[in-house]
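Before any comments, here is the structure.
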Amino acid sequence: LLKERNRFSKGLFPWIGFKTKYFEYKNIKRAFGKSKWGGRGQLFLYALDGIISCSVLPLVAVPIFMAIVFIIISFVIFYKWVCGDHVDGWTLIMCLMLFSNTVIFFVLGQYISKIYIEVKQRPIYVIKQEV
């Protein structure tokens, strides 16, 4: 059904449409041995893997962050110019480069996100079979 090799099951189950049930349990300490789970660093990498595997958020977030930086820098440059401070030529060039790179990253991010979704080859629909 799903041909992708790098599967993130916690993201696939809701995508397929499995119902989720929660139940309480008592956490019992290990009798022997030590957990191989490395703590917050490993949990962060696991969360990052989930974000990258199940969404195109990074491809959308980077251009948005760049646009915010561009807007802030532009307002600072404009404010300095209105106040009569000397604005060097390289500042304007860097601002224009940031704007053009933001547009390029936005377009490329959208294009690559479409490719990423298509490469997964997920089915268009899943038929629920009653037993």
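Residue names in the structure tokens use chain letters A, B, ... in the order shown, residue numbers from 1 in each chain, and ligand numbers from 1 in the order shown.
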Q) Which residues come within 8 Å of region 42-59 of chain A, counting only C-alpha atoms, excluding same-chain residues fewer than 5 positions away, as a PyMOL selection string? A) chain A and resi 6-8+10-12+37+106+109-110+112-113
Q: Report as number ranges by chain: the residues of chain A with a DSSP assignment of helix (DSSP H, G or I), based on the backbone of this structure.
A: A: 9-16, 40-54, 57-82, 89-119
Q: Fewer than 3 positions away in the same chain doesn't count, so skip those; otherwise give me all residues within 12 Å of Ile71 (chain A), counting only C-alpha atoms, as a ChimeraX atom specification.
A: /A:64-68,74-78,95-96,98-99,102
Q.
Taking 2 positions as the minimum chain separation for residues in the same chain, which residues sit within 12 Å of Val119 (chain A) when counting only C-alpha atoms? Answer as a list in words.
A.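 The contact residues come out as Leu2, Lys3, Glu4, Arg5, Asn6, Ile112, Ser113, Lys114, Ile115, Tyr116, Ile117, Gln121, Arg122 and Pro123 of chain A.
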Restricted to C-alpha atoms, what would the selected residues look like written as a PDB file, in the first residue's frame?
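What follows is the written file selection-v7.pdb:
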```
ATOM      1  CA  LEU A   2       2.632   2.558   1.057  1.00  0.00           C
ATOM      2  CA  LYS A   3       5.787   2.334  -1.030  1.00  0.00           C
ATOM      3  CA  GLU A   4       7.910   4.818   0.894  1.00  0.00           C
ATOM      4  CA  ARG A   5      10.941   3.341   2.622  1.00  0.00           C
ATOM      5  CA  ASN A   6      11.542   5.925   5.319  1.00  0.00           C
ATOM      6  CA  ILE A 112      10.272  20.659  -4.088  1.00  0.00           C
ATOM      7  CA  SER A 113       7.330  20.092  -1.706  1.00  0.00           C
ATOM      8  CA  LYS A 114       5.172  18.988  -4.655  1.00  0.00           C
ATOM      9  CA  ILE A 115       7.931  16.657  -5.833  1.00  0.00           C
ATOM     10  CA  TYR A 116       8.354  15.289  -2.295  1.00  0.00           C
ATOM     11  CA  ILE A 117       4.656  14.478  -2.005  1.00  0.00           C
ATOM     12  CA  GLN A 121       3.576   7.551  -4.136  1.00  0.00           C
ATOM     13  CA  ARG A 122       0.919   7.381  -1.466  1.00  0.00           C
ATOM     14  CA  PRO A 123      -2.458   6.213  -2.743  1.00  0.00           C
TER      15      PRO A 123
END
```
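The closest residue to Lys19 (chain A), picked from A:Ala31, A:Lys128, A:Lys80, A:Trp90 and counting only C-alpha atoms, is A:Lys128.
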(Q) Restricting the calculation to only C-alpha atoms: of A:Pro63, A:Ile72, A:Pro14, A:Lys120, which residue gets closest to Leu108 (chain A)? (A)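 Looking only at the distances to Leu108 (chain A), the closest residue turns out to be A:Pro63.
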Q: Figure out the distance between CA of Phe70 (chain A) and CA of Ile104 (chain A), please, to one decimal in Å.
A: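 Computing it gives 13.5 Å between the two atoms.
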Q.
Please report the interatomic distance between CA of Val103 (chain A) and CA of Val82 (chain A) in Å with one decimal.
A. 26.7 Å
